[in-house]
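Q: work10.txt is reproduced below (compact mmCIF, C-alpha atoms).
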# COMPACT_ATOMS: atom_id res chain seq x y z
CA MET U 3 26.48 -88.52 -42.81
CA LYS U 4 28.50 -88.75 -39.61
CA ASN U 5 31.91 -88.96 -41.25
CA ILE U 6 31.34 -86.55 -44.14
CA ASP U 7 33.85 -83.74 -44.51
CA PRO U 8 31.71 -80.82 -45.77
CA LYS U 9 34.18 -79.42 -48.32
CA THR U 10 35.02 -82.85 -49.72
CA PHE U 11 31.33 -83.65 -49.97
CA LEU U 12 30.49 -80.38 -51.73
CA ILE U 13 33.34 -80.83 -54.21
CA SER U 14 32.01 -84.31 -55.03
CA ILE U 15 28.61 -82.75 -55.70
CA PHE U 16 30.18 -80.20 -58.06
CA ASN U 17 32.12 -82.93 -59.84
CA ALA U 18 28.99 -85.02 -60.34
CA ALA U 19 27.16 -82.05 -61.85
CA VAL U 20 30.04 -81.31 -64.23
CA ALA U 21 30.44 -84.97 -65.23
CA ALA U 22 26.79 -85.13 -66.28
CA ALA U 23 27.52 -82.38 -68.83
CA ASP U 24 30.74 -83.93 -70.17
CA PRO U 25 30.61 -83.64 -73.99
CA GLU U 26 32.25 -87.07 -74.31
CA LEU U 27 29.07 -88.52 -72.81
CA THR U 28 26.50 -86.23 -74.40
CA ILE U 29 27.57 -85.66 -78.00
CA ARG U 30 27.62 -89.29 -79.12
CA SER U 31 23.87 -89.73 -78.63
CA HIS U 32 23.03 -86.55 -80.58
CA LEU U 33 24.97 -87.03 -83.79
CA PRO U 34 23.14 -86.00 -86.98
CA GLU U 35 22.92 -88.12 -90.12
CA LYS U 36 25.94 -87.92 -92.40
CA PRO U 37 25.49 -85.69 -95.45
CA ARG U 38 26.13 -86.46 -99.11
CA GLY U 39 28.51 -83.52 -99.20
CA ARG U 40 30.96 -81.99 -96.73
CA THR U 41 30.70 -81.84 -92.94
CA ILE U 42 31.74 -78.47 -91.55
CA VAL U 43 32.12 -77.90 -87.80
CA ILE U 44 31.82 -74.46 -86.24
CA GLY U 45 31.57 -73.55 -82.59
CA ALA U 46 32.00 -71.00 -79.85
CA GLY U 47 32.06 -70.99 -76.07
CA LYS U 48 34.16 -71.84 -73.06
CA GLY U 49 33.64 -75.56 -73.68
CA ALA U 50 33.75 -75.45 -77.49
CA ALA U 51 37.19 -77.06 -77.82
CA GLN U 52 36.21 -79.99 -75.60
CA MET U 53 33.00 -80.39 -77.61
CA ALA U 54 35.05 -80.39 -80.82
CA ALA U 55 37.44 -83.03 -79.46
CA ALA U 56 34.50 -85.21 -78.41
CA LEU U 57 32.88 -84.82 -81.82
CA GLU U 58 36.10 -85.86 -83.58
CA LYS U 59 36.16 -89.07 -81.54
CA ALA U 60 32.49 -89.83 -82.18
CA TRP U 61 32.20 -88.88 -85.87
CA ASP U 62 32.88 -91.74 -88.28
CA GLY U 63 33.67 -89.82 -91.42
CA PRO U 64 35.47 -86.77 -92.80
CA LEU U 65 34.94 -83.39 -91.16
CA GLU U 66 36.65 -80.01 -90.97
CA GLY U 67 36.04 -76.67 -89.35
CA VAL U 68 36.93 -74.16 -86.68
CA VAL U 69 35.82 -73.31 -83.14
CA VAL U 70 36.75 -70.51 -80.74
CA THR U 71 37.18 -70.74 -76.98
CA ARG U 72 38.54 -68.65 -74.15
CA TYR U 73 42.30 -68.21 -73.71
CA GLY U 74 43.66 -71.24 -71.84
CA TYR U 75 40.61 -73.41 -72.60
CA ALA U 76 41.86 -75.14 -75.77
CA ALA U 77 41.82 -78.92 -76.20
CA PRO U 78 43.82 -80.92 -78.75
CA CYS U 79 41.94 -81.57 -82.00
CA GLU U 80 43.23 -83.21 -85.20
CA ARG U 81 40.78 -82.00 -87.85
CA ILE U 82 39.04 -79.02 -86.26
CA ARG U 83 41.02 -75.81 -85.82
CA VAL U 84 40.79 -74.35 -82.30
CA LEU U 85 41.16 -70.59 -81.89
CA GLU U 86 41.37 -68.67 -78.61
CA ALA U 87 40.06 -65.21 -77.77
CA SER U 88 39.25 -63.02 -74.79
CA HIS U 89 36.37 -63.49 -72.34
CA PRO U 90 34.46 -61.70 -70.81
CA VAL U 91 35.68 -58.62 -72.71
CA PRO U 92 36.03 -59.18 -76.50
CA ASP U 93 39.32 -58.58 -78.28
CA ALA U 94 40.85 -58.52 -81.78
CA ALA U 95 41.45 -62.28 -81.68
CA GLY U 96 37.69 -62.75 -81.27
CA LEU U 97 37.15 -60.51 -84.27
CA GLU U 98 39.40 -62.77 -86.36
CA ALA U 99 37.66 -65.87 -84.98
CA SER U 100 34.25 -64.54 -86.02
CA LYS U 101 35.58 -63.99 -89.53
CA ALA U 102 37.01 -67.53 -89.58
CA LEU U 103 33.63 -69.03 -88.63
CA LEU U 104 31.79 -67.01 -91.26
CA ASP U 105 34.38 -67.99 -93.86
CA ALA U 106 34.00 -71.67 -92.90
CA VAL U 107 30.29 -71.69 -93.81
CA SER U 108 30.47 -69.60 -96.96
CA GLY U 109 29.85 -71.15 -100.37
CA LEU U 110 28.21 -74.34 -99.09
CA SER U 111 25.60 -76.40 -100.95
CA ALA U 112 22.35 -78.09 -99.96
CA ASP U 113 24.28 -81.39 -99.76
CA ASP U 114 26.56 -80.08 -97.02
CA LEU U 115 26.09 -80.33 -93.25
CA VAL U 116 27.13 -77.75 -90.67
CA ILE U 117 27.45 -78.97 -87.08
CA ALA U 118 27.42 -76.02 -84.70
CA LEU U 119 28.88 -76.58 -81.22
CA VAL U 120 27.50 -73.84 -79.00
CA CYS U 121 27.95 -73.24 -75.29
CA GLY U 122 28.15 -70.42 -72.78
CA GLY U 123 30.73 -67.71 -73.25
CA GLY U 124 30.28 -67.49 -77.00
CA SER U 125 28.82 -63.99 -76.87
CA ALA U 126 32.11 -62.38 -75.84
CA LEU U 127 34.18 -64.71 -78.03
CA LEU U 128 32.34 -63.70 -81.22
CA PRO U 129 32.60 -59.93 -81.68
CA SER U 130 31.53 -58.97 -85.19
CA PRO U 131 30.38 -55.35 -85.34
CA PRO U 132 28.16 -54.20 -88.24
CA GLU U 133 29.37 -51.71 -90.81
CA GLY U 134 29.90 -48.31 -89.19
CA LEU U 135 30.74 -49.78 -85.78
CA THR U 136 34.08 -50.88 -84.34
CA LEU U 137 35.41 -53.48 -81.95
CA ALA U 138 35.65 -50.70 -79.35
CA ASP U 139 31.91 -50.08 -79.79
CA GLU U 140 31.12 -53.75 -79.23
CA ILE U 141 33.40 -53.85 -76.17
CA ALA U 142 31.56 -50.81 -74.78
CA VAL U 143 28.23 -52.58 -75.33
CA ASN U 144 29.51 -55.71 -73.58
CA GLU U 145 30.84 -53.78 -70.60
CA ALA U 146 27.58 -51.83 -70.24
CA LEU U 147 25.59 -55.06 -70.33
CA LEU U 148 27.78 -56.80 -67.74
CA ALA U 149 27.47 -53.84 -65.37
CA SER U 150 23.73 -53.32 -65.87
CA GLY U 151 22.29 -56.14 -63.75
CA ALA U 152 20.10 -57.19 -66.69
CA PRO U 153 19.21 -60.91 -67.00
CA ILE U 154 20.96 -62.92 -69.68
CA SER U 155 17.88 -62.93 -71.94
CA ALA U 156 17.88 -59.13 -72.00
CA MET U 157 21.62 -58.89 -72.56
CA ASN U 158 21.49 -61.23 -75.53
CA ALA U 159 18.56 -59.37 -77.07
CA VAL U 160 20.82 -56.30 -77.24
CA ARG U 161 23.94 -58.19 -78.33
CA LYS U 162 22.32 -59.83 -81.32
CA HIS U 163 21.26 -56.46 -82.74
CA VAL U 164 24.82 -55.12 -82.64
CA SER U 165 26.40 -58.01 -84.55
CA THR U 166 26.79 -59.63 -87.96
CA ILE U 167 27.12 -63.16 -86.49
CA LYS U 168 24.74 -63.46 -83.53
CA GLY U 169 20.96 -63.89 -83.55
CA GLY U 170 20.98 -66.67 -86.17
CA ARG U 171 23.16 -64.78 -88.63
CA LEU U 172 25.92 -67.44 -88.66
CA ALA U 173 23.38 -70.12 -89.62
CA ALA U 174 21.87 -67.83 -92.25
CA ALA U 175 25.35 -67.43 -93.77
CA ALA U 176 25.53 -71.23 -94.15
CA HIS U 177 22.40 -71.37 -96.36
CA PRO U 178 21.53 -73.60 -98.24
CA ALA U 179 23.49 -76.14 -96.13
CA ARG U 180 21.66 -77.98 -93.35
CA VAL U 181 22.65 -76.79 -89.87
CA VAL U 182 22.42 -78.92 -86.72
CA SER U 183 23.19 -77.04 -83.51
CA LEU U 184 24.39 -79.04 -80.52
CA VAL U 185 23.92 -76.77 -77.52
CA VAL U 186 25.19 -77.00 -73.96
CA SER U 187 22.78 -74.69 -72.17
CA ASP U 188 23.93 -72.24 -69.51
CA ILE U 189 20.67 -70.31 -69.76
CA PRO U 190 17.81 -70.41 -67.22
CA GLY U 191 14.97 -72.22 -68.97
CA ASP U 192 17.34 -73.72 -71.57
CA ASN U 193 16.26 -71.53 -74.50
CA PRO U 194 18.98 -72.40 -77.07
CA ALA U 195 18.49 -69.08 -78.87
CA LEU U 196 19.97 -67.32 -75.83
CA VAL U 197 23.09 -69.47 -75.45
CA ALA U 198 26.06 -67.46 -76.76
CA SER U 199 23.50 -65.01 -78.18
CA GLY U 200 22.30 -67.68 -80.60
CA PRO U 201 24.74 -67.49 -83.51
CA THR U 202 22.87 -70.35 -85.20
CA VAL U 203 19.48 -70.08 -83.47
CA PRO U 204 17.28 -67.01 -84.06
CA ASP U 205 14.70 -65.85 -81.53
CA GLU U 206 11.73 -63.49 -81.41
CA ALA U 207 13.41 -60.53 -79.67
CA SER U 208 13.14 -57.48 -81.92
CA ARG U 209 15.13 -54.29 -82.36
CA ALA U 210 12.36 -52.47 -80.47
CA ASP U 211 12.86 -54.91 -77.59
CA ALA U 212 16.58 -54.16 -77.59
CA LEU U 213 15.98 -50.41 -77.45
CA LYS U 214 13.52 -50.85 -74.59
CA ILE U 215 16.06 -52.91 -72.63
CA VAL U 216 18.73 -50.24 -73.11
CA SER U 217 16.31 -47.65 -71.75
CA THR U 218 14.97 -49.78 -68.88
CA TYR U 219 18.42 -50.53 -67.49
CA GLY U 220 19.79 -47.04 -68.13
CA MET U 221 22.65 -48.30 -70.28
CA LYS U 222 25.06 -45.71 -71.66
CA LEU U 223 26.00 -46.96 -75.12
CA PRO U 224 28.16 -45.15 -77.71
CA ASP U 225 26.29 -42.75 -79.97
CA ALA U 226 27.18 -44.82 -83.02
CA VAL U 227 25.62 -47.91 -81.42
CA MET U 228 22.40 -46.08 -80.58
CA ALA U 229 22.25 -44.72 -84.13
CA HIS U 230 22.65 -48.26 -85.47
CA LEU U 231 19.94 -49.65 -83.16
CA ASN U 232 17.54 -47.05 -84.55
CA THR U 233 17.93 -48.27 -88.15
CA PRO U 234 16.53 -51.36 -89.94
CA GLN U 235 20.12 -52.53 -90.53
CA ALA U 236 20.11 -53.74 -86.93
CA ASP U 237 17.16 -56.09 -87.47
CA ALA U 238 18.03 -59.74 -86.82
CA PRO U 239 16.61 -62.69 -88.79
CA ARG U 240 13.28 -64.01 -87.53
CA PRO U 241 12.74 -67.68 -86.59
CA ASP U 242 10.30 -68.09 -89.51
CA ASP U 243 12.96 -67.05 -92.04
CA SER U 244 12.99 -69.71 -94.80
CA ARG U 245 16.77 -70.09 -94.46
CA PHE U 246 16.22 -71.88 -91.14
CA ALA U 247 13.52 -74.28 -92.39
CA LYS U 248 15.65 -77.45 -92.31
CA HIS U 249 17.75 -76.60 -89.30
CA GLU U 250 17.75 -78.67 -86.09
CA VAL U 251 18.60 -77.66 -82.55
CA ARG U 252 19.49 -80.20 -79.86
CA VAL U 253 20.19 -79.23 -76.24
CA ILE U 254 22.66 -81.93 -75.22
CA ALA U 255 23.39 -80.80 -71.65
CA SER U 256 21.71 -78.46 -69.20
CA ALA U 257 21.54 -77.35 -65.58
CA ALA U 258 18.47 -79.51 -65.00
CA VAL U 259 20.31 -82.72 -65.89
CA SER U 260 23.39 -81.72 -63.88
CA LEU U 261 21.33 -80.88 -60.78
CA GLU U 262 19.67 -84.29 -60.94
CA ALA U 263 23.13 -85.89 -61.12
CA ALA U 264 24.26 -83.83 -58.12
CA ALA U 265 21.19 -84.92 -56.15
CA ALA U 266 21.85 -88.57 -57.03
CA GLU U 267 25.45 -88.27 -55.82
CA ALA U 268 24.27 -86.81 -52.51
CA LYS U 269 21.79 -89.64 -52.01
CA LYS U 270 24.54 -92.17 -52.74
CA GLN U 271 26.47 -90.62 -49.84
CA GLY U 272 23.45 -90.78 -47.52
CA VAL U 273 22.17 -87.21 -47.80
CA GLU U 274 18.72 -86.40 -49.18
CA ALA U 275 18.78 -83.57 -51.71
CA VAL U 276 16.15 -81.04 -52.76
CA ILE U 277 16.34 -79.00 -55.96
CA LEU U 278 14.83 -75.54 -55.55
CA SER U 279 15.05 -74.64 -59.24
CA ASP U 280 17.36 -74.94 -62.23
CA SER U 281 16.53 -71.45 -63.49
CA ILE U 282 16.94 -68.94 -60.67
CA GLU U 283 17.70 -65.39 -61.79
CA GLY U 284 17.97 -62.07 -59.97
CA GLU U 285 20.54 -59.93 -58.17
CA ALA U 286 23.19 -62.29 -56.77
CA ARG U 287 23.24 -60.75 -53.29
CA ASP U 288 19.44 -60.91 -53.02
CA VAL U 289 19.34 -64.54 -54.13
CA GLY U 290 22.09 -65.26 -51.59
CA SER U 291 20.07 -63.72 -48.77
CA VAL U 292 17.00 -65.79 -49.70
CA HIS U 293 19.03 -69.02 -49.81
CA ALA U 294 20.50 -68.13 -46.41
CA ALA U 295 17.00 -67.71 -44.94
CA ILE U 296 16.00 -71.15 -46.25
CA ALA U 297 19.17 -72.76 -44.86
CA ARG U 298 18.62 -71.13 -41.45
CA GLU U 299 15.04 -72.42 -41.38
CA VAL U 300 16.21 -75.97 -42.04
CA ALA U 301 19.06 -75.73 -39.53
CA THR U 302 17.02 -74.27 -36.67
CA LYS U 303 13.46 -75.51 -37.27
CA ASP U 304 13.75 -78.58 -39.51
CA ARG U 305 11.49 -77.01 -42.12
CA PRO U 306 10.63 -76.93 -44.98
CA PHE U 307 13.09 -79.86 -45.23
CA LYS U 308 14.39 -82.09 -42.47
CA LYS U 309 18.13 -82.10 -41.88
CA PRO U 310 20.50 -83.50 -42.89
CA ALA U 311 19.70 -82.12 -46.33
CA LEU U 312 21.44 -80.81 -49.40
CA ILE U 313 19.76 -77.78 -50.97
CA LEU U 314 20.58 -77.38 -54.66
CA SER U 315 19.80 -74.66 -57.17
CA GLY U 316 20.97 -73.55 -60.61
CA GLY U 317 20.44 -70.69 -63.02
CA GLU U 318 22.30 -67.43 -63.56
CA THR U 319 22.18 -64.50 -61.19
CA THR U 320 23.39 -61.01 -62.10
CA VAL U 321 25.56 -58.41 -60.42
CA THR U 322 24.90 -54.70 -60.67
CA LEU U 323 28.35 -53.15 -60.37
CA ARG U 324 28.49 -50.48 -57.69
CA ALA U 325 32.29 -50.44 -57.42
CA LYS U 326 35.32 -52.00 -59.09
CA GLY U 327 36.17 -54.82 -56.69
CA LYS U 328 37.20 -58.36 -57.57
CA GLY U 329 34.57 -61.04 -57.81
CA GLY U 330 31.82 -62.71 -59.79
CA ARG U 331 28.19 -63.59 -59.37
CA ASN U 332 28.86 -66.81 -57.43
CA SER U 333 31.25 -65.28 -54.92
CA GLU U 334 28.90 -62.29 -54.51
CA PHE U 335 25.96 -64.67 -53.94
CA LEU U 336 28.00 -66.55 -51.38
CA LEU U 337 29.19 -63.49 -49.47
CA ALA U 338 25.59 -62.37 -49.00
CA PHE U 339 24.77 -65.96 -48.01
CA ALA U 340 27.62 -66.00 -45.47
CA LEU U 341 26.32 -62.80 -43.88
CA GLY U 342 22.87 -64.40 -43.68
CA ILE U 343 24.08 -67.54 -41.85
CA ASP U 344 26.66 -65.81 -39.64
CA GLY U 345 26.93 -67.73 -36.38
CA VAL U 346 24.63 -70.59 -37.43
CA SER U 347 26.43 -73.91 -37.10
CA ALA U 348 26.16 -76.95 -39.37
CA ILE U 349 25.62 -75.01 -42.60
CA HIS U 350 28.23 -75.38 -45.35
CA ALA U 351 27.87 -74.10 -48.90
CA LEU U 352 29.59 -74.03 -52.27
CA ALA U 353 28.56 -71.70 -55.09
CA ALA U 354 30.46 -72.12 -58.35
CA ASP U 355 30.26 -71.69 -62.11
CA THR U 356 30.34 -75.11 -63.77
CA ASP U 357 32.81 -73.87 -66.40
CA GLY U 358 35.42 -73.36 -63.68
CA ILE U 359 35.60 -69.55 -63.79
CA ASP U 360 33.50 -67.03 -61.86
CA GLY U 361 33.96 -63.51 -63.18
CA SER U 362 37.42 -62.45 -64.28
CA GLU U 363 39.60 -64.22 -61.68
CA ASP U 364 40.76 -67.86 -61.69
CA ASN U 365 38.25 -69.24 -59.16
CA ALA U 366 34.97 -70.96 -59.99
CA GLY U 367 33.40 -69.67 -56.78
CA ALA U 368 33.92 -70.18 -53.07
CA PHE U 369 32.95 -72.03 -49.90
CA ALA U 370 31.11 -70.55 -46.91
CA ASP U 371 29.86 -71.66 -43.51
CA GLY U 372 28.55 -70.15 -40.30
CA THR U 373 32.07 -69.07 -39.28
CA SER U 374 33.04 -67.35 -42.55
CA VAL U 375 32.18 -63.79 -41.51
CA ALA U 376 33.91 -64.16 -38.14
CA ARG U 377 37.03 -65.58 -39.81
CA MET U 378 37.04 -62.67 -42.27
CA ARG U 379 36.74 -60.26 -39.37
CA ALA U 380 39.71 -61.93 -37.67
CA ALA U 381 41.67 -61.48 -40.91
CA GLY U 382 40.88 -57.75 -40.89
CA VAL U 383 38.17 -57.93 -43.55
CA ASP U 384 34.69 -56.42 -43.17
CA ALA U 385 32.32 -58.75 -45.06
CA LYS U 386 29.56 -56.14 -45.37
CA ALA U 387 31.98 -53.57 -46.77
CA MET U 388 33.36 -56.14 -49.22
CA LEU U 389 29.84 -56.93 -50.44
CA ALA U 390 29.04 -53.24 -50.88
CA ALA U 391 32.22 -52.86 -52.97
CA ASN U 392 31.57 -55.93 -55.18
CA ASN U 393 34.75 -57.34 -53.66
CA ALA U 394 33.71 -60.87 -52.72
CA TRP U 395 36.84 -62.46 -54.19
CA THR U 396 39.00 -60.50 -51.75
CA ALA U 397 36.79 -61.50 -48.83
CA PHE U 398 36.97 -65.23 -49.52
CA ASN U 399 40.63 -65.09 -50.50
CA SER U 400 41.41 -63.63 -47.07
CA VAL U 401 40.22 -66.85 -45.38
CA GLY U 402 41.44 -69.33 -48.01
CA ASP U 403 37.94 -70.33 -49.12
CA LEU U 404 38.12 -69.75 -52.88
CA PHE U 405 37.25 -72.78 -55.03
CA VAL U 406 39.70 -73.17 -57.94
CA PRO U 407 39.05 -76.37 -59.94
CA GLY U 408 40.37 -74.98 -63.25
CA PRO U 409 38.54 -75.12 -66.61
CA THR U 410 36.05 -77.99 -66.71
CA GLY U 411 35.39 -78.19 -70.45
CA THR U 412 31.66 -77.62 -70.12
CA ASN U 413 29.25 -74.92 -68.96
CA VAL U 414 25.74 -75.50 -67.61
CA ASN U 415 25.65 -72.36 -65.55
CA ASP U 416 25.93 -71.97 -61.79
CA LEU U 417 25.67 -74.64 -59.13
CA ARG U 418 24.71 -73.72 -55.60
CA ALA U 419 24.98 -76.54 -53.06
CA ILE U 420 24.12 -75.98 -49.39
CA LEU U 421 24.66 -78.79 -46.87
CA VAL U 422 22.62 -78.48 -43.68
CA GLY U 423 23.72 -81.17 -41.21
Show this structure as structure tokens.
A:
Amino acid sequence: MKNIDPKTFLISIFNAAVAAADPELTIRSHLPEKPRGRTIVIGAGKGAAQMAAALEKAWDGPLEGVVVTRYGYAAPCERIRVLEASHPVPDAAGLEASKALLDAVSGLSADDLVIALVCGGGSALLPSPPEGLTLADEIAVNEALLASGAPISAMNAVRKHVSTIKGGRLAAAAHPARVVSLVVSDIPGDNPALVASGPTVPDEASRADALKIVSTYGMKLPDAVMAHLNTPQADAPRPDDSRFAKHEVRVIASAAVSLEAAAAEAKKQGVEAVILSDSIEGEARDVGSVHAAIAREVATKDRPFKKPALILSGGETTVTLRAKGKGGRNSEFLLAFALGIDGVSAIHALAADTDGIDGSEDNAGAFADGTSVARMRAAGVDAKAMLAANNAWTAFNSVGDLFVPGPTGTNVNDLRAILVG
């Protein structure tokens, strides 16, 4: 790896991971049988428009439908309507999109087929508050969840009990039509019921579980929401509900597959890769510190892996908001990582969300190396203070190390790639 430029190498690793989740490659091999009746397409998520475009190319027959994606993430489709709404905070356009999806599956017959295109980001894009609650209530729930530090499984357990579309309810509305869900997983462990809060895939989490999560993480939810959660009206459909009997769920892309592709790309360039896990969860700054300790061990002691090596991991960390700085879980992970490798040479890292956006800014993540903290200091930025203020974006922006690839059209969660040379 003598002539490898670290940033160029790490970008090639990211690109390989994203390419392995390209819907053009993955959808074609997971197409369901054509129905006797109509084919209706519904979908939600940051890669839903690209999935819809890929399905249009692959599907040999009539189809119609509607999908919703984040503002700026649309892709041209001829037969499937593409709507845009706000992410990560829901808005009125998302409310209209939820209604459009529910309308699309109403009045279907047993001869009809519904193809659901589901990927990460769908939770925020599909606000649909129950009777007695408002969009403002659902926004308050979403903001409380994002600030809580709860893992994605816990967040979605709450979300699906404050909705008329999540937790399998969209698929239930399509009954008696057959529903086939094609899922791009951004969830640690690849449980499809947790992707986008499972609009077409119910799970076992109960209303009692949701209430326990609210209590455990000290969430402050509106009184109306708490009143709703304490009534049977909040109960979500169970997986053994007869309406789901003929449904199919196919995970067509995941972090595991993308990490393997990233490792293969590294090997092609002469660097051995190790995959720590595709399902790492936890506080972003803590996970960053642990990854830094592993990288230091390799750099200074050639263990547990011999250098040169590429250390890869995936999954979804969380950020407990302590202040109102700019950033996301990948940049926060990486700032803690940078502090942990400060002064150690020959370590270069990229942490990025595979959908192209980390948090609410326009970067997917950032780069870091053993000089990052010193360069921040020279730019008048205190890395420790930035981490304490959840202001990692500002820290990396000060040294020009943000990674801004733009929307990728897919989402298999976070990629962390650490080159130790």
Q: Could you build a table of the residues in stretch 263-373 of chain U lying no more than 7 Å from stretch 388-398 of chain U, giving for each the nearest pair of atoms and their separation in Å rounded to one decimal place, using only C-alpha atoms, ordered by chain and ascending residue number, as a Markdown table?
A:
| residue | atom | partner | partner_atom | distance |
| --- | --- | --- | --- | --- |
| U:Leu323 | CA | U:Asn392 | CA | 6.7 |
| U:Arg324 | CA | U:Ala391 | CA | 6.5 |
| U:Ala325 | CA | U:Ala391 | CA | 5.1 |
| U:Lys326 | CA | U:Asn392 | CA | 6.7 |
| U:Gly327 | CA | U:Asn393 | CA | 4.2 |
| U:Lys328 | CA | U:Asn393 | CA | 4.7 |
| U:Gly329 | CA | U:Trp395 | CA | 4.5 |
| U:Ser333 | CA | U:Ala394 | CA | 5.5 |
| U:Glu334 | CA | U:Ala394 | CA | 5.3 |
| U:Leu337 | CA | U:Ala394 | CA | 6.2 |
| U:Ala368 | CA | U:Phe398 | CA | 6.8 |
Q: Go through stretch 330-403 of chain U and flag each residue having an atom no more than 12 Å from stretch 143-158 of chain U; for those, report the closest pair of atoms plus their distance in Å to one decimal, using only C-alpha atoms, ordered by chain and rising number, as a tab-separated table.
A:
residue	atom	partner	partner_atom	distance
U:Gly330	CA	U:Leu148	CA	10.7
U:Arg331	CA	U:Gly151	CA	10.5
U:Gly361	CA	U:Leu148	CA	10.2
U:Ser362	CA	U:Leu148	CA	11.7
U:Asn392	CA	U:Ala149	CA	11.2
Q: Just give me the residues with any atom within 6 Å of (32.4, -78.6, -72.7), file coordinates, counting only C-alpha atoms, written as a VMD selection string.
A: chain U and resid 25 49 to 50 52 to 53 411 to 412
Q: Pick from U:Lys386, U:His177, U:Lys248, U:Arg161: nearest to U:Ile215, with only C-alpha atoms counted?
A: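 When distances to U:Ile215 are compared using only C-alpha atoms, the smallest one comes from U:Arg161.
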Q: Report, in Å with one decimal, the straight-line distance from atom CA of U:Gly317 to atom CA of U:Ser31.
A: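 Distance between the two atoms: 24.9 Å.
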Q: Which residues, written as an MDAnalysis selection string, have at least one atom at most 8 Å from stretch 189-205 of chain U, with all atoms listed in the file counted and residues fewer than 2 positions away on the same chain left out?
A: chainID U and resid 46:47 118 120:126 154:155 158:159 161:162 167:174 181 183 185:187 207 238:241 251 253 256 280:283 316:318 414:415
Q: Considering all atoms listed in the file, can you say which of U:Leu128, U:Glu98, U:Ile277, U:Asp357 comes closest to U:Ala263?
A: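 Closest candidate: U:Ile277.
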Q: Take the structure in the block and write a file for stretch 251-275 of chain U, C-alpha atoms, as a CSV table (one decimal), in the first residue's frame.
A:
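For reference, result-v2.csv as written:
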chain,number,residue,atom,x,y,z
U,251,VAL,CA,-40.7,-9.7,3.4
U,252,ARG,CA,-37.4,-9.7,1.5
U,253,VAL,CA,-34.3,-7.8,2.8
U,254,ILE,CA,-32.6,-6.9,-0.5
U,255,ALA,CA,-29.6,-4.9,0.9
U,256,SER,CA,-27.9,-4.6,4.3
U,257,ALA,CA,-24.9,-3.4,6.1
U,258,ALA,CA,-23.5,-6.9,6.2
U,259,VAL,CA,-23.4,-7.2,2.4
U,260,SER,CA,-21.9,-3.7,2.0
U,261,LEU,CA,-19.2,-4.3,4.6
U,262,GLU,CA,-18.2,-7.5,2.7
U,263,ALA,CA,-18.0,-5.4,-0.5
U,264,ALA,CA,-15.9,-2.8,1.3
U,265,ALA,CA,-13.5,-5.5,2.6
U,266,ALA,CA,-13.2,-7.0,-0.9
U,267,GLU,CA,-12.3,-3.6,-2.4
U,268,ALA,CA,-9.6,-3.1,0.2
U,269,LYS,CA,-8.1,-6.5,-0.5
U,270,LYS,CA,-8.1,-5.6,-4.3
U,271,GLN,CA,-6.0,-2.6,-3.4
U,272,GLY,CA,-3.6,-4.7,-1.3
U,273,VAL,CA,-4.9,-4.0,2.2
U,274,GLU,CA,-6.3,-6.8,4.4
U,275,ALA,CA,-9.6,-5.8,6.0
